[in-house]
file work_37.txt (compact mmCIF, C-alpha atoms)
# COMPACT_ATOMS: atom_id res chain seq x y z
CA ARG A 1 0.00 0.00 0.00
CA MET A 2 1.04 3.62 -0.42
CA GLU A 3 3.21 4.75 2.48
CA TRP A 4 2.57 8.46 2.01
CA TRP A 5 4.14 9.34 5.35
CA ARG A 6 7.61 8.03 4.54
CA ARG A 7 10.29 10.72 4.72
CA SER A 8 12.85 8.61 2.87
CA VAL A 9 11.15 9.52 -0.42
CA LEU A 10 11.47 13.27 0.17
CA ASP A 11 14.06 15.49 -1.45
CA TRP A 12 17.20 16.47 0.43
CA GLY A 13 15.94 19.84 1.64
CA GLU A 14 12.68 18.50 3.02
CA ARG A 15 14.29 15.50 4.62
CA PHE A 16 17.35 17.07 6.21
CA SER A 17 17.06 20.82 6.59
CA ARG A 18 13.44 21.95 6.98
CA ASP A 19 11.59 21.88 10.27
CA PHE A 20 9.57 18.78 11.02
CA GLU A 21 6.18 19.02 12.74
CA PHE A 22 4.49 16.26 14.74
CA ALA A 23 0.86 16.83 15.72
CA LEU A 24 -0.27 15.37 19.04
CA GLY A 25 -3.95 15.45 18.15
CA ASP A 26 -4.90 17.64 21.12
CA GLY A 27 -4.08 20.99 19.59
CA ARG A 28 -0.38 20.76 20.36
CA THR A 29 2.29 20.34 17.70
CA LEU A 30 5.91 19.50 18.36
CA VAL A 31 8.42 21.20 16.06
CA PHE A 32 11.93 19.93 15.37
CA ALA A 33 14.79 21.63 13.60
CA GLN A 34 16.87 19.38 11.38
CA GLN A 35 20.39 19.93 10.12
CA PRO A 36 22.17 18.71 7.03
CA THR A 37 25.16 18.14 9.30
CA CYS A 38 25.63 18.03 13.06
CA ARG A 39 28.67 19.88 14.28
CA GLY A 40 31.54 17.43 14.42
CA ALA A 41 29.37 14.58 13.14
CA LYS A 42 31.50 13.97 10.06
CA GLU A 43 34.17 12.56 12.35
CA VAL A 44 31.90 9.89 13.78
CA ASP A 45 28.93 9.55 11.48
CA SER A 46 29.37 10.09 7.77
CA SER A 47 25.64 9.57 7.14
CA ASP A 48 24.46 12.38 9.44
CA THR A 49 22.05 9.89 10.98
CA GLY A 50 21.44 12.05 14.02
CA CYS A 51 20.30 15.10 12.11
CA THR A 52 16.90 14.21 10.67
CA VAL A 53 13.70 12.33 11.46
CA TRP A 54 13.82 8.75 10.15
CA ASP A 55 10.88 6.60 9.19
CA ALA A 56 11.10 4.10 12.06
CA SER A 57 11.10 7.01 14.50
CA LEU A 58 7.80 8.11 13.01
CA VAL A 59 6.32 4.62 13.31
CA LEU A 60 7.42 4.31 16.94
CA ALA A 61 6.26 7.83 17.80
CA HIS A 62 2.80 7.20 16.33
CA ALA A 63 2.55 3.89 18.20
CA VAL A 64 3.40 5.64 21.46
CA LEU A 65 0.95 8.44 20.68
CA LYS A 66 -1.75 5.81 20.13
CA ASN A 67 -0.84 4.14 23.46
CA PRO A 68 0.27 6.92 25.85
CA ALA A 69 0.38 4.46 28.76
CA LEU A 70 3.58 3.08 27.23
CA VAL A 71 5.41 6.11 28.64
CA ALA A 72 3.01 8.08 30.89
CA GLY A 73 4.26 8.13 34.46
CA LYS A 74 7.35 6.11 33.48
CA ARG A 75 11.08 6.72 33.65
CA VAL A 76 12.12 6.83 30.01
CA LEU A 77 15.54 6.68 28.38
CA GLU A 78 15.99 7.18 24.65
CA LEU A 79 19.04 5.79 22.88
CA GLY A 80 20.24 7.54 19.75
CA SER A 81 17.75 10.36 20.16
CA GLY A 82 18.76 12.23 17.01
CA VAL A 83 16.53 15.30 16.74
CA GLY A 84 14.67 14.16 19.87
CA LEU A 85 11.25 13.21 18.49
CA CYS A 86 10.47 10.15 20.62
CA GLY A 87 12.00 11.56 23.78
CA ALA A 88 10.16 14.85 23.44
CA LEU A 89 6.94 12.93 22.81
CA ALA A 90 7.49 11.04 26.07
CA VAL A 91 7.73 14.38 27.88
CA ALA A 92 4.55 15.60 26.19
CA LEU A 93 2.68 12.43 27.20
CA GLY A 94 3.56 12.72 30.87
CA ALA A 95 6.60 10.53 31.49
CA SER A 96 7.90 11.05 35.02
CA LEU A 97 11.52 11.26 33.85
CA VAL A 98 12.98 11.51 30.37
CA VAL A 99 16.65 11.19 29.41
CA LEU A 100 17.61 11.70 25.78
CA THR A 101 21.03 10.40 24.73
CA ASP A 102 23.26 10.43 21.68
CA LEU A 103 26.83 11.17 20.63
CA SER A 104 28.23 14.50 21.76
CA ALA A 105 28.00 16.09 18.29
CA VAL A 106 24.21 15.67 18.27
CA LEU A 107 23.44 16.97 21.77
CA PRO A 108 23.21 20.70 20.85
CA LEU A 109 20.47 19.91 18.32
CA ILE A 110 18.55 17.85 20.90
CA ARG A 111 18.77 20.65 23.47
CA ALA A 112 17.67 23.24 20.91
CA ASN A 113 14.63 21.17 19.96
CA LEU A 114 13.65 20.56 23.57
CA ALA A 115 13.94 24.29 24.25
CA ARG A 116 11.87 25.08 21.16
CA ASN A 117 9.05 22.91 22.48
CA GLY A 118 9.33 24.20 26.05
CA PHE A 119 10.76 20.93 27.40
CA LEU A 120 14.37 21.82 28.16
CA SER A 121 13.74 21.94 31.92
CA SER A 122 11.62 18.78 31.77
CA ALA A 123 14.22 16.40 30.35
CA HIS A 124 17.89 15.48 30.63
CA VAL A 125 20.25 15.37 27.66
CA CYS A 126 23.32 13.17 28.06
CA GLU A 127 26.16 11.84 25.97
CA LEU A 128 25.98 8.08 25.63
CA GLU A 129 28.29 6.14 23.40
CA TRP A 130 27.04 2.58 23.43
CA GLY A 131 29.15 0.33 25.60
CA ASN A 132 30.76 3.25 27.44
CA ARG A 133 30.43 2.52 31.17
CA ALA A 134 31.52 6.02 32.17
CA HIS A 135 28.64 7.48 30.17
CA LEU A 136 26.21 4.99 31.71
CA ASN A 137 27.47 5.83 35.19
CA ALA A 138 26.91 9.54 34.51
CA LEU A 139 23.22 9.17 33.66
CA PRO A 140 20.94 11.05 36.09
CA CYS A 141 18.98 7.90 36.92
CA THR A 142 20.19 4.35 37.56
CA ALA A 143 16.93 2.62 36.66
CA PHE A 144 14.42 3.08 33.85
CA ASP A 145 11.04 1.60 33.01
CA VAL A 146 11.18 2.08 29.25
CA ILE A 147 14.02 2.45 26.75
CA LEU A 148 13.12 3.96 23.37
CA CYS A 149 15.10 2.78 20.35
CA ALA A 150 14.30 3.89 16.81
CA ASP A 151 16.38 3.30 13.68
CA LEU A 152 19.57 2.56 15.60
CA VAL A 153 21.05 -0.27 13.55
CA TYR A 154 23.14 0.91 10.60
CA LEU A 155 26.68 -0.34 11.07
CA ASP A 156 28.00 -3.79 11.97
CA ALA A 157 30.41 -2.16 14.40
CA GLY A 158 27.53 -0.77 16.44
CA VAL A 159 25.68 -4.05 16.96
CA LYS A 160 27.58 -5.53 19.90
CA PRO A 161 27.93 -2.19 21.77
CA LEU A 162 24.17 -1.58 21.38
CA VAL A 163 23.28 -5.04 22.71
CA ARG A 164 25.74 -4.64 25.61
CA THR A 165 24.20 -1.28 26.45
CA LEU A 166 20.69 -2.74 26.53
CA GLU A 167 21.89 -5.63 28.71
CA GLU A 168 23.57 -3.24 31.12
CA LEU A 169 20.55 -0.94 31.33
CA PHE A 170 18.27 -3.90 32.06
CA LYS A 171 20.68 -5.13 34.74
CA ARG A 172 20.91 -1.73 36.43
CA SER A 173 17.16 -1.21 36.29
CA ARG A 174 16.16 -4.61 37.64
CA PRO A 175 16.30 -3.83 41.41
CA THR A 176 13.66 -1.06 41.22
CA SER A 177 12.16 -1.63 37.76
CA PRO A 178 12.19 -5.38 37.13
CA ARG A 179 9.94 -5.03 34.07
CA CYS A 180 12.22 -2.58 32.28
CA HIS A 181 12.01 -3.15 28.53
CA ALA A 182 12.87 -1.46 25.26
CA LEU A 183 10.44 -0.32 22.59
CA PHE A 184 12.41 -0.94 19.41
CA ALA A 185 11.57 0.14 15.86
CA GLN A 186 13.87 -0.51 12.94
CA ASP A 187 13.65 0.00 9.21
CA TYR A 188 15.24 -2.53 6.90
CA HIS A 189 18.16 -0.29 5.90
CA ARG A 190 21.16 -2.55 6.30
CA PRO A 191 20.11 -6.22 6.14
CA GLU A 192 23.45 -7.67 7.25
CA ALA A 193 23.79 -5.38 10.27
CA LEU A 194 20.17 -5.93 11.21
CA GLU A 195 20.47 -9.70 11.00
CA ALA A 196 23.60 -9.49 13.16
CA PHE A 197 21.70 -7.43 15.71
CA TYR A 198 18.80 -9.84 16.03
CA THR A 199 21.15 -12.83 16.18
CA THR A 200 23.29 -11.20 18.87
CA ALA A 201 20.37 -9.85 20.88
CA THR A 202 18.46 -13.12 21.04
CA ARG A 203 21.39 -14.83 22.75
CA SER A 204 20.54 -12.97 25.95
CA LEU A 205 17.35 -11.02 25.31
CA ALA A 206 13.75 -11.75 24.32
CA ILE A 207 12.10 -10.04 21.35
CA GLN A 208 8.33 -9.79 21.03
CA ASP A 209 6.71 -8.04 18.08
CA PHE A 210 4.02 -5.43 18.63
CA ASP A 211 0.53 -6.58 17.88
CA ALA A 212 -0.83 -4.92 14.75
CA SER A 213 -3.54 -3.26 16.86
CA GLU A 214 -0.85 -1.35 18.79
CA LEU A 215 0.40 0.41 15.67
CA ASP A 216 -1.05 3.47 14.02
CA ASP A 217 -3.58 2.61 11.33
CA GLU A 218 -1.60 4.43 8.62
CA VAL A 219 1.92 5.13 9.86
CA ARG A 220 3.22 1.57 9.73
CA SER A 221 5.15 -0.55 7.26
CA GLU A 222 5.84 -4.22 6.64
CA HIS A 223 9.47 -3.16 6.27
CA ILE A 224 9.68 -1.58 9.74
CA ARG A 225 9.69 -3.98 12.66
CA VAL A 226 8.35 -2.70 15.98
CA CYS A 227 8.95 -4.89 19.00
CA ARG A 228 9.62 -5.10 22.71
CA ILE A 229 13.05 -6.20 23.84
CA SER A 230 13.57 -7.40 27.42
CA PRO A 231 15.55 -9.83 29.54
CA THR A 232 14.59 -13.36 28.55
CA ASP A 233 12.87 -14.11 31.84
CA LEU A 234 10.48 -11.17 31.50
CA LEU A 235 8.61 -12.52 28.48
CA SER A 236 8.90 -16.19 29.39
call {"tool": "encode", "arguments": {"input": "work_37.txt", "output": "structure tokens"}}
result
Amino acid sequence: RMEWWRRSVLDWGERFSRDFEFALGDGRTLVFAQQPTCRGAKEVDSSDTGCTVWDASLVLAHAVLKNPALVAGKRVLELGSGVGLCGALAVALGASLVVLTDLSAVLPLIRANLARNGFLSSAHVCELEWGNRAHLNALPCTAFDVILCADLVYLDAGVKPLVRTLEELFKRSRPTSPRCHALFAQDYHRPEALEAFYTTATRSLAIQDFDASELDDEVRSEHIRVCRISPTDLLS
């Protein structure tokens, strides 16, 4: 079917440099600046992946908007926040704590977008390189209820650090949030990297696909998988 909402079919200017608007359906609209490059990003990310809204982020955001209880009243951490869409949405829907994370080059854009939507004082923005224990130790909260992950898998080199980071976050959260889980949405960009991620993750983690009824009626795709990831004993 026609996926009219996909941003990957847009021209360069629309996709990377113009503001993106996300309507909440209650009269509020979140607005996000995008950048063709993030300062310093060329050194760590030649694709500028942190500087625009990607399709899987839209699918996850619309699923969360349809089911606000996924984040309302919860402690939420977002990995690879990019422009900050899903994290900002969690703030808007009443999460009790929101921490948006990404590489250092992307953080100014996240802060600017939070400020633009009036959320800068309502969320934390932290550097988090996957697998970096010092960055994990510096997070403002040791336990989370929900971890948001959208369009994170691009490079083979990032697979094992991402899985290790999820494992560590689940371990740290278990004492006070034993049902901590990740909401994970991923487009089929890089088949080999994605297959490596699922193979690596399922060695220690459980993956459960969203039911179709949990997804937005229109903003969904057979090429974008949306699932819950958790410690194996949580879904057993």
call {"tool": "closest_residue", "arguments": {"input": "work_37.txt", "among": "A:Pro108, A:Ala72, A:Trp54, A:Leu194", "to": "Ala157 (chain A)", "atoms": "only C-alpha atoms"}}
result
A:Leu194
call {"tool": "residues_around", "arguments": {"input": "work_37.txt", "residues": "region 128-142 of chain A", "least_positions_apart": "3", "cutoff": "9 Å", "atoms": "only C-alpha atoms", "output": "list in words"}}
result
Arg75, Leu79, Gly80, Leu97, Val99, Thr101, Asp102, Leu103, Ser104, His124, Gly158, Lys160, Pro161, Leu162, Val163, Arg164, Thr165, Leu166, Glu168, Leu169, Arg172 and Ser173 of chain A
call {"tool": "atom_distance", "arguments": {"input": "work_37.txt", "atom1": "CA of Glu21 (chain A)", "atom2": "CA of Leu93 (chain A)"}}
result
16.3 Å
call {"tool": "atom_distance", "arguments": {"input": "work_37.txt", "atom1": "CA of Asp19 (chain A)", "atom2": "CA of Gly84 (chain A)"}}
result
12.7 Å
call {"tool": "atom_distance", "arguments": {"input": "work_37.txt", "atom1": "CA of Glu195 (chain A)", "atom2": "CA of Val159 (chain A)"}}
result
9.7 Å
call {"tool": "closest_residue", "arguments": {"input": "work_37.txt", "among": "A:Glu218, A:Asp151, A:Asp233, A:Asp145", "to": "Gly82 (chain A)", "atoms": "all atoms listed in the file"}}
result
A:Asp151
call {"tool": "closest_residue", "arguments": {"input": "work_37.txt", "among": "A:Ser17, A:Ser96, A:Trp5, A:Val91", "to": "Leu30 (chain A)", "atoms": "only C-alpha atoms"}}
result
A:Val91
